[in-house]
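Listing of coords.tsv, TSV, C-alpha atoms
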chain	number	residue	atom	x	y	z
A	17	MET	CA	0.00	0.00	0.00
A	18	HIS	CA	1.34	3.36	-0.94
A	19	LEU	CA	2.07	5.97	1.74
A	20	GLN	CA	-0.65	8.23	0.29
A	21	GLN	CA	-3.25	5.45	0.65
A	22	LYS	CA	-2.21	4.83	4.27
A	23	THR	CA	-2.46	8.55	5.01
A	24	ASN	CA	-5.92	8.82	3.48
A	25	GLN	CA	-7.17	6.08	5.82
A	26	ASN	CA	-6.68	8.54	8.71
A	27	LEU	CA	-8.79	11.25	7.05
A	28	GLU	CA	-12.54	11.60	7.43
A	29	GLY	CA	-14.76	14.18	5.79
A	30	SER	CA	-17.43	16.02	7.79
A	31	SER	CA	-20.11	14.45	5.57
A	32	GLN	CA	-19.06	11.04	6.93
A	33	MET	CA	-19.41	11.87	10.65
A	34	PRO	CA	-22.22	12.96	12.99
A	35	ALA	CA	-22.69	16.75	13.07
A	36	LYS	CA	-21.99	16.84	16.80
A	37	GLU	CA	-18.49	15.51	16.13
A	38	SER	CA	-17.63	17.89	13.28
A	39	HIS	CA	-15.32	20.08	15.32
A	40	GLY	CA	-11.56	20.44	15.01
A	41	GLY	CA	-9.48	20.38	18.16
A	42	HIS	CA	-8.14	23.91	17.73
A	43	ALA	CA	-11.65	25.18	17.02
A	44	LEU	CA	-12.96	23.60	20.24
A	45	PHE	CA	-10.23	25.29	22.28
A	46	ASP	CA	-11.17	28.68	20.82
A	47	ALA	CA	-14.90	28.03	21.26
A	48	HIS	CA	-14.40	27.08	24.90
A	49	GLU	CA	-12.36	30.21	25.52
A	50	ALA	CA	-14.97	32.45	23.85
A	51	ILE	CA	-17.93	30.86	25.64
A	52	SER	CA	-16.09	30.88	28.98
A	53	GLY	CA	-15.34	34.56	28.46
A	54	LEU	CA	-19.02	35.20	27.80
A	55	VAL	CA	-19.95	33.34	30.99
A	56	GLY	CA	-17.46	35.42	32.95
A	57	GLY	CA	-18.95	38.60	31.50
A	58	MET	CA	-22.49	37.53	32.42
A	59	GLU	CA	-21.37	36.78	35.97
A	60	GLN	CA	-19.66	40.16	36.19
A	61	TYR	CA	-22.92	41.78	35.12
A	62	LEU	CA	-24.52	40.16	38.18
A	63	LEU	CA	-21.92	41.76	40.43
A	64	TYR	CA	-22.23	45.17	38.80
A	65	GLU	CA	-26.02	45.42	38.99
A	66	GLN	CA	-26.12	46.07	42.74
A	67	HIS	CA	-23.89	49.14	42.36
A	68	ILE	CA	-25.96	50.92	39.67
A	69	GLN	CA	-27.73	54.14	40.62
A	70	ASP	CA	-29.05	55.32	37.24
A	71	PRO	CA	-32.29	53.54	36.17
A	72	GLU	CA	-31.28	53.96	32.50
A	73	LEU	CA	-28.05	52.06	33.04
A	74	LYS	CA	-29.81	49.39	35.12
A	75	MET	CA	-32.35	48.86	32.33
A	76	MET	CA	-29.57	48.62	29.75
A	77	LEU	CA	-27.73	46.04	31.84
A	78	GLY	CA	-30.93	44.01	32.21
A	79	GLN	CA	-31.50	44.03	28.45
A	80	HIS	CA	-27.92	42.93	27.87
A	81	LYS	CA	-28.24	40.10	30.41
A	82	SER	CA	-31.39	38.80	28.75
A	83	PHE	CA	-29.88	38.95	25.26
A	84	LEU	CA	-26.56	37.40	26.32
A	85	THR	CA	-28.34	34.57	28.15
A	86	GLN	CA	-30.16	33.57	24.97
A	87	LEU	CA	-26.92	33.89	22.99
A	88	TYR	CA	-25.18	31.64	25.50
A	89	ASN	CA	-27.92	29.00	25.23
A	90	THR	CA	-27.75	29.14	21.42
A	91	LEU	CA	-23.98	28.68	21.48
A	92	VAL	CA	-24.13	25.76	23.93
A	93	GLU	CA	-26.80	23.96	21.90
A	94	THR	CA	-24.89	24.47	18.65
A	95	LEU	CA	-21.64	23.32	20.24
A	96	LYS	CA	-23.31	20.14	21.50
A	97	THR	CA	-25.23	19.26	18.33
A	98	GLY	CA	-23.31	20.87	15.50
A	99	GLN	CA	-26.69	21.63	13.93
A	100	GLU	CA	-29.10	24.54	13.58
A	101	PRO	CA	-30.15	25.68	17.08
A	102	ALA	CA	-33.79	25.90	18.15
A	103	VAL	CA	-33.35	29.65	18.67
A	104	GLY	CA	-31.00	31.23	16.16
A	105	THR	CA	-29.03	34.43	16.51
A	106	ARG	CA	-31.20	37.51	16.91
A	107	THR	CA	-30.44	41.17	16.26
A	108	TYR	CA	-29.76	43.52	19.17
A	109	ASN	CA	-31.13	47.00	18.62
A	110	MET	CA	-30.03	49.63	21.10
A	111	ALA	CA	-32.64	51.95	22.54
A	112	SER	CA	-30.58	55.16	22.39
A	113	ASP	CA	-29.78	57.32	19.39
A	114	ASN	CA	-26.23	57.62	18.07
A	115	ASN	CA	-25.52	61.23	18.99
A	116	VAL	CA	-21.87	61.60	20.01
A	117	LEU	CA	-20.57	64.58	21.96
A	118	TYR	CA	-17.14	65.68	20.70
A	119	GLY	CA	-14.67	67.76	22.66
A	120	MET	CA	-13.12	67.70	26.11
A	121	GLN	CA	-14.34	69.17	29.38
A	122	PRO	CA	-12.05	69.57	32.43
A	123	THR	CA	-12.38	66.69	34.90
A	124	GLN	CA	-10.71	65.72	38.15
A	125	PRO	CA	-7.85	63.22	37.83
A	126	LYS	CA	-8.95	59.66	38.61
A	127	SER	CA	-7.42	57.02	40.83
A	128	PRO	CA	-8.45	53.42	41.58
A	129	ALA	CA	-11.37	53.00	43.99
A	130	GLN	CA	-10.28	51.97	47.46
A	131	THR	CA	-13.66	50.73	48.74
A	132	VAL	CA	-16.67	49.00	47.19
A	133	ASN	CA	-18.78	52.04	48.04
A	134	GLU	CA	-16.77	54.05	45.50
A	135	ILE	CA	-17.98	51.85	42.63
A	136	ASN	CA	-20.40	54.10	40.73
A	137	ASP	CA	-22.19	54.25	37.37
A	138	GLU	CA	-19.05	55.43	35.63
A	139	CYS	CA	-17.16	52.39	36.93
A	140	VAL	CA	-19.96	49.96	36.09
A	141	SER	CA	-20.45	51.24	32.54
A	142	SER	CA	-16.70	51.00	31.99
A	143	PHE	CA	-16.72	47.39	33.23
A	144	MET	CA	-19.62	46.58	30.92
A	145	LEU	CA	-17.78	48.06	27.95
A	146	GLY	CA	-14.70	45.99	28.77
A	147	VAL	CA	-16.74	42.77	28.92
A	148	LEU	CA	-18.34	43.42	25.54
A	149	LYS	CA	-15.08	44.39	23.83
A	150	GLN	CA	-13.40	41.24	25.13
A	151	SER	CA	-16.21	39.00	23.88
A	152	ALA	CA	-16.33	40.74	20.48
A	153	SER	CA	-12.60	40.09	20.03
A	154	ALA	CA	-12.86	36.47	21.21
A	155	PHE	CA	-15.86	35.76	18.97
A	156	THR	CA	-14.04	37.20	15.95
A	157	THR	CA	-11.00	34.97	16.52
A	158	THR	CA	-13.20	31.93	17.12
A	159	ALA	CA	-15.36	32.53	14.04
A	160	LEU	CA	-12.21	32.56	11.90
A	161	GLU	CA	-10.99	29.26	13.38
A	162	THR	CA	-14.24	27.26	13.75
A	163	THR	CA	-14.65	24.34	11.33
A	164	ASN	CA	-18.32	23.46	11.94
A	165	PRO	CA	-20.28	25.77	9.59
A	166	VAL	CA	-23.25	26.31	11.93
A	167	LEU	CA	-21.17	27.13	15.00
A	168	ARG	CA	-18.97	29.35	12.85
A	169	ARG	CA	-22.01	31.29	11.66
A	170	VAL	CA	-23.44	31.65	15.18
A	171	PHE	CA	-20.18	33.18	16.38
A	172	SER	CA	-19.80	35.45	13.35
A	173	ASP	CA	-23.45	36.57	13.37
A	174	SER	CA	-23.15	37.43	17.07
A	175	ILE	CA	-20.24	39.85	16.62
A	176	PRO	CA	-22.39	42.76	15.32
A	177	ASN	CA	-24.66	42.36	18.36
A	178	LEU	CA	-21.73	42.62	20.76
A	179	VAL	CA	-20.48	45.65	18.83
A	180	GLU	CA	-23.94	47.24	19.04
A	181	MET	CA	-24.14	46.66	22.80
A	182	ALA	CA	-20.65	48.09	23.27
A	183	TYR	CA	-21.64	51.14	21.19
A	184	GLU	CA	-24.73	51.58	23.36
A	185	VAL	CA	-22.58	51.59	26.51
A	186	PHE	CA	-20.11	54.01	24.91
A	187	LEU	CA	-22.94	56.40	24.01
A	188	TYR	CA	-24.21	56.26	27.59
A	189	GLN	CA	-20.73	57.03	28.89
A	190	ASN	CA	-20.22	59.80	26.35
A	191	LYS	CA	-23.55	61.44	27.23
A	192	HIS	CA	-22.49	61.58	30.88
A	193	GLN	CA	-18.94	62.69	29.97
A	194	TYR	CA	-17.45	59.50	31.38
A	195	TYR	CA	-15.96	58.81	27.95
A	196	GLN	CA	-14.90	62.03	26.25
A	197	VAL	CA	-13.95	62.16	22.58
A	198	PRO	CA	-11.21	64.60	21.58
A	199	GLN	CA	-10.87	65.65	17.94
A	200	LEU	CA	-7.91	66.54	15.79
A	201	GLN	CA	-7.46	70.02	14.43
A	202	GLN	CA	-9.62	70.57	11.34
A	203	GLN	CA	-6.72	70.56	8.86
A	204	ASP	CA	-5.23	67.38	10.34
A	205	MET	CA	-8.60	65.67	10.31
A	206	GLN	CA	-9.21	66.57	6.68
A	207	GLN	CA	-5.75	65.40	5.66
A	208	LEU	CA	-6.41	61.96	7.16
A	209	ILE	CA	-9.96	61.75	5.80
A	210	ASN	CA	-8.76	62.60	2.29
A	211	ALA	CA	-5.66	60.40	2.38
A	212	PHE	CA	-7.24	57.79	0.07
A	213	ASN	CA	-8.88	57.88	-3.35
A	214	PRO	CA	-11.17	55.22	-4.83
A	215	ALA	CA	-9.52	52.53	-6.93
A	216	PRO	CA	-10.60	52.35	-10.60
A	217	SER	CA	-13.30	49.76	-11.24
A	218	GLN	CA	-11.91	46.47	-12.55
A	219	GLY	CA	-15.10	45.46	-14.34
A	220	PRO	CA	-16.46	41.88	-14.43
A	221	ILE	CA	-14.01	39.05	-13.93
A	222	SER	CA	-13.60	36.91	-17.04
A	223	HIS	CA	-13.10	33.15	-16.76

Translate the structure of the given file into C-alpha coordinates.
Amino acid sequence: MHLQQKTNQNLEGSSQMPAKESHGGHALFDAHEAISGLVGGMEQYLLYEQHIQDPELKMMLGQHKSFLTQLYNTLVETLKTGQEPAVGTRTYNMASDNNVLYGMQPTQPKSPAQTVNEINDECVSSFMLGVLKQSASAFTTTALETTNPVLRRVFSDSIPNLVEMAYEVFLYQNKHQYYQVPQLQQQDMQQLINAFNPAPSQGPISH
(Lines of atoms letter the chains of each structure in order from A and count residues from 1; the text may use other names and numbers.)
(Lines give C-alpha, C1' and ligand atoms only; values in the text may rest on other atoms or scores of the structure.)
Protein backbone atom coordinates (compact mmCIF):
# COMPACT_ATOMS: atom_id res chain seq x y z
CA MET A 1 0.00 0.00 0.00
CA HIS A 2 1.34 3.36 -0.94
CA LEU A 3 2.07 5.97 1.74
CA GLN A 4 -0.65 8.23 0.29
CA GLN A 5 -3.25 5.45 0.65
CA LYS A 6 -2.21 4.83 4.27
CA THR A 7 -2.46 8.55 5.01
CA ASN A 8 -5.92 8.82 3.48
CA GLN A 9 -7.17 6.08 5.82
CA ASN A 10 -6.68 8.54 8.71
CA LEU A 11 -8.79 11.25 7.05
CA GLU A 12 -12.54 11.60 7.43
CA GLY A 13 -14.76 14.18 5.79
CA SER A 14 -17.43 16.02 7.79
CA SER A 15 -20.11 14.45 5.57
CA GLN A 16 -19.06 11.04 6.93
CA MET A 17 -19.41 11.87 10.65
CA PRO A 18 -22.22 12.96 12.99
CA ALA A 19 -22.69 16.75 13.07
CA LYS A 20 -21.99 16.84 16.80
CA GLU A 21 -18.49 15.51 16.13
CA SER A 22 -17.63 17.89 13.28
CA HIS A 23 -15.32 20.08 15.32
CA GLY A 24 -11.56 20.44 15.01
CA GLY A 25 -9.48 20.38 18.16
CA HIS A 26 -8.14 23.91 17.73
CA ALA A 27 -11.65 25.18 17.02
CA LEU A 28 -12.96 23.60 20.24
CA PHE A 29 -10.23 25.29 22.28
CA ASP A 30 -11.17 28.68 20.82
CA ALA A 31 -14.90 28.03 21.26
CA HIS A 32 -14.40 27.08 24.90
CA GLU A 33 -12.36 30.21 25.52
CA ALA A 34 -14.97 32.45 23.85
CA ILE A 35 -17.93 30.86 25.64
CA SER A 36 -16.09 30.88 28.98
CA GLY A 37 -15.34 34.56 28.46
CA LEU A 38 -19.02 35.20 27.80
CA VAL A 39 -19.95 33.34 30.99
CA GLY A 40 -17.46 35.42 32.95
CA GLY A 41 -18.95 38.60 31.50
CA MET A 42 -22.49 37.53 32.42
CA GLU A 43 -21.37 36.78 35.97
CA GLN A 44 -19.66 40.16 36.19
CA TYR A 45 -22.92 41.78 35.12
CA LEU A 46 -24.52 40.16 38.18
CA LEU A 47 -21.92 41.76 40.43
CA TYR A 48 -22.23 45.17 38.80
CA GLU A 49 -26.02 45.42 38.99
CA GLN A 50 -26.12 46.07 42.74
CA HIS A 51 -23.89 49.14 42.36
CA ILE A 52 -25.96 50.92 39.67
CA GLN A 53 -27.73 54.14 40.62
CA ASP A 54 -29.05 55.32 37.24
CA PRO A 55 -32.29 53.54 36.17
CA GLU A 56 -31.28 53.96 32.50
CA LEU A 57 -28.05 52.06 33.04
CA LYS A 58 -29.81 49.39 35.12
CA MET A 59 -32.35 48.86 32.33
CA MET A 60 -29.57 48.62 29.75
CA LEU A 61 -27.73 46.04 31.84
CA GLY A 62 -30.93 44.01 32.21
CA GLN A 63 -31.50 44.03 28.45
CA HIS A 64 -27.92 42.93 27.87
CA LYS A 65 -28.24 40.10 30.41
CA SER A 66 -31.39 38.80 28.75
CA PHE A 67 -29.88 38.95 25.26
CA LEU A 68 -26.56 37.40 26.32
CA THR A 69 -28.34 34.57 28.15
CA GLN A 70 -30.16 33.57 24.97
CA LEU A 71 -26.92 33.89 22.99
CA TYR A 72 -25.18 31.64 25.50
CA ASN A 73 -27.92 29.00 25.23
CA THR A 74 -27.75 29.14 21.42
CA LEU A 75 -23.98 28.68 21.48
CA VAL A 76 -24.13 25.76 23.93
CA GLU A 77 -26.80 23.96 21.90
CA THR A 78 -24.89 24.47 18.65
CA LEU A 79 -21.64 23.32 20.24
CA LYS A 80 -23.31 20.14 21.50
CA THR A 81 -25.23 19.26 18.33
CA GLY A 82 -23.31 20.87 15.50
CA GLN A 83 -26.69 21.63 13.93
CA GLU A 84 -29.10 24.54 13.58
CA PRO A 85 -30.15 25.68 17.08
CA ALA A 86 -33.79 25.90 18.15
CA VAL A 87 -33.35 29.65 18.67
CA GLY A 88 -31.00 31.23 16.16
CA THR A 89 -29.03 34.43 16.51
CA ARG A 90 -31.20 37.51 16.91
CA THR A 91 -30.44 41.17 16.26
CA TYR A 92 -29.76 43.52 19.17
CA ASN A 93 -31.13 47.00 18.62
CA MET A 94 -30.03 49.63 21.10
CA ALA A 95 -32.64 51.95 22.54
CA SER A 96 -30.58 55.16 22.39
CA ASP A 97 -29.78 57.32 19.39
CA ASN A 98 -26.23 57.62 18.07
CA ASN A 99 -25.52 61.23 18.99
CA VAL A 100 -21.87 61.60 20.01
CA LEU A 101 -20.57 64.58 21.96
CA TYR A 102 -17.14 65.68 20.70
CA GLY A 103 -14.67 67.76 22.66
CA MET A 104 -13.12 67.70 26.11
CA GLN A 105 -14.34 69.17 29.38
CA PRO A 106 -12.05 69.57 32.43
CA THR A 107 -12.38 66.69 34.90
CA GLN A 108 -10.71 65.72 38.15
CA PRO A 109 -7.85 63.22 37.83
CA LYS A 110 -8.95 59.66 38.61
CA SER A 111 -7.42 57.02 40.83
CA PRO A 112 -8.45 53.42 41.58
CA ALA A 113 -11.37 53.00 43.99
CA GLN A 114 -10.28 51.97 47.46
CA THR A 115 -13.66 50.73 48.74
CA VAL A 116 -16.67 49.00 47.19
CA ASN A 117 -18.78 52.04 48.04
CA GLU A 118 -16.77 54.05 45.50
CA ILE A 119 -17.98 51.85 42.63
CA ASN A 120 -20.40 54.10 40.73
CA ASP A 121 -22.19 54.25 37.37
CA GLU A 122 -19.05 55.43 35.63
CA CYS A 123 -17.16 52.39 36.93
CA VAL A 124 -19.96 49.96 36.09
CA SER A 125 -20.45 51.24 32.54
CA SER A 126 -16.70 51.00 31.99
CA PHE A 127 -16.72 47.39 33.23
CA MET A 128 -19.62 46.58 30.92
CA LEU A 129 -17.78 48.06 27.95
CA GLY A 130 -14.70 45.99 28.77
CA VAL A 131 -16.74 42.77 28.92
CA LEU A 132 -18.34 43.42 25.54
CA LYS A 133 -15.08 44.39 23.83
CA GLN A 134 -13.40 41.24 25.13
CA SER A 135 -16.21 39.00 23.88
CA ALA A 136 -16.33 40.74 20.48
CA SER A 137 -12.60 40.09 20.03
CA ALA A 138 -12.86 36.47 21.21
CA PHE A 139 -15.86 35.76 18.97
CA THR A 140 -14.04 37.20 15.95
CA THR A 141 -11.00 34.97 16.52
CA THR A 142 -13.20 31.93 17.12
CA ALA A 143 -15.36 32.53 14.04
CA LEU A 144 -12.21 32.56 11.90
CA GLU A 145 -10.99 29.26 13.38
CA THR A 146 -14.24 27.26 13.75
CA THR A 147 -14.65 24.34 11.33
CA ASN A 148 -18.32 23.46 11.94
CA PRO A 149 -20.28 25.77 9.59
CA VAL A 150 -23.25 26.31 11.93
CA LEU A 151 -21.17 27.13 15.00
CA ARG A 152 -18.97 29.35 12.85
CA ARG A 153 -22.01 31.29 11.66
CA VAL A 154 -23.44 31.65 15.18
CA PHE A 155 -20.18 33.18 16.38
CA SER A 156 -19.80 35.45 13.35
CA ASP A 157 -23.45 36.57 13.37
CA SER A 158 -23.15 37.43 17.07
CA ILE A 159 -20.24 39.85 16.62
CA PRO A 160 -22.39 42.76 15.32
CA ASN A 161 -24.66 42.36 18.36
CA LEU A 162 -21.73 42.62 20.76
CA VAL A 163 -20.48 45.65 18.83
CA GLU A 164 -23.94 47.24 19.04
CA MET A 165 -24.14 46.66 22.80
CA ALA A 166 -20.65 48.09 23.27
CA TYR A 167 -21.64 51.14 21.19
CA GLU A 168 -24.73 51.58 23.36
CA VAL A 169 -22.58 51.59 26.51
CA PHE A 170 -20.11 54.01 24.91
CA LEU A 171 -22.94 56.40 24.01
CA TYR A 172 -24.21 56.26 27.59
CA GLN A 173 -20.73 57.03 28.89
CA ASN A 174 -20.22 59.80 26.35
CA LYS A 175 -23.55 61.44 27.23
CA HIS A 176 -22.49 61.58 30.88
CA GLN A 177 -18.94 62.69 29.97
CA TYR A 178 -17.45 59.50 31.38
CA TYR A 179 -15.96 58.81 27.95
CA GLN A 180 -14.90 62.03 26.25
CA VAL A 181 -13.95 62.16 22.58
CA PRO A 182 -11.21 64.60 21.58
CA GLN A 183 -10.87 65.65 17.94
CA LEU A 184 -7.91 66.54 15.79
CA GLN A 185 -7.46 70.02 14.43
CA GLN A 186 -9.62 70.57 11.34
CA GLN A 187 -6.72 70.56 8.86
CA ASP A 188 -5.23 67.38 10.34
CA MET A 189 -8.60 65.67 10.31
CA GLN A 190 -9.21 66.57 6.68
CA GLN A 191 -5.75 65.40 5.66
CA LEU A 192 -6.41 61.96 7.16
CA ILE A 193 -9.96 61.75 5.80
CA ASN A 194 -8.76 62.60 2.29
CA ALA A 195 -5.66 60.40 2.38
CA PHE A 196 -7.24 57.79 0.07
CA ASN A 197 -8.88 57.88 -3.35
CA PRO A 198 -11.17 55.22 -4.83
CA ALA A 199 -9.52 52.53 -6.93
CA PRO A 200 -10.60 52.35 -10.60
CA SER A 201 -13.30 49.76 -11.24
CA GLN A 202 -11.91 46.47 -12.55
CA GLY A 203 -15.10 45.46 -14.34
CA PRO A 204 -16.46 41.88 -14.43
CA ILE A 205 -14.01 39.05 -13.93
CA SER A 206 -13.60 36.91 -17.04
CA HIS A 207 -13.10 33.15 -16.76

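Separating CA of Tyr61 in chain A from CA of Leu77 in chain A is a distance of 7.2 Å.
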
Counting only C-alpha atoms, the residue of A:Val185, A:Val55, A:Val179, A:Met75 that sits nearest Leu145 in chain A
A:Val185

Calculated over only C-alpha atoms, which of the candidates A:Glu161, A:Glu93, A:Glu134, A:Asp173 has the smallest distance to Ala47 in chain A?
A:Glu161

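The closest residue to Val92 in chain A, picked from A:Met58, A:Met76, A:Ala159, A:Ile51 and counting only C-alpha atoms, is A:Ile51.
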
So which one's closest to Lys81 in chain A, A:Val103, A:Leu178, A:Asn164, A:Pro125? Using only C-alpha atoms, please.
A:Leu178

Need the shell around Ser174 in chain A: protein/DNA/RNA residues with any atom at most 9 Å away, counting all atoms listed in the file. Skip same-chain ones fewer than 6 positions apart. Format as a list of chain:residue names?
A:Leu87, A:Thr105, A:Arg106, A:Thr107, A:Ala152, A:Phe155

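The smallest atom-to-atom distance between Leu95 in chain A and any of A:Leu44, A:Ala50, A:Val116, A:Met144, using only C-alpha atoms, is found for A:Leu44.
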
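A straight line drawn from CA of Met120 in chain A to CA of Gln203 in chain A is 18.6 Å long.
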
If you take every atom of range 73-91 of chain A that the file lists and fit an axis-aligned box around them with 5 Å extra on each side, what centre and edge lengths come out in Å to one decimal, as JSON?
{"center_x": -28.2, "center_y": 40.4, "center_z": 28.3, "size_x": 18.4, "size_y": 33.4, "size_z": 23.7}

May I ask which of the residues A:Val197, A:Ala182, A:Leu73, A:Leu160 is the closest one to Val147 in chain A, counting all atoms listed in the file?
A:Ala182

What separates CA of Ser142 in chain A and CA of Thr123 in chain A is a distance of 16.5 Å

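Proximity to Pro198 in chain A at 10 Å, evaluated using only C-alpha atoms and with sequence-adjacent residues fewer than 3 positions away removed, yields Leu117, Tyr118, Gly119, Met120, Gln121, Tyr195 and Gln201 of chain A.
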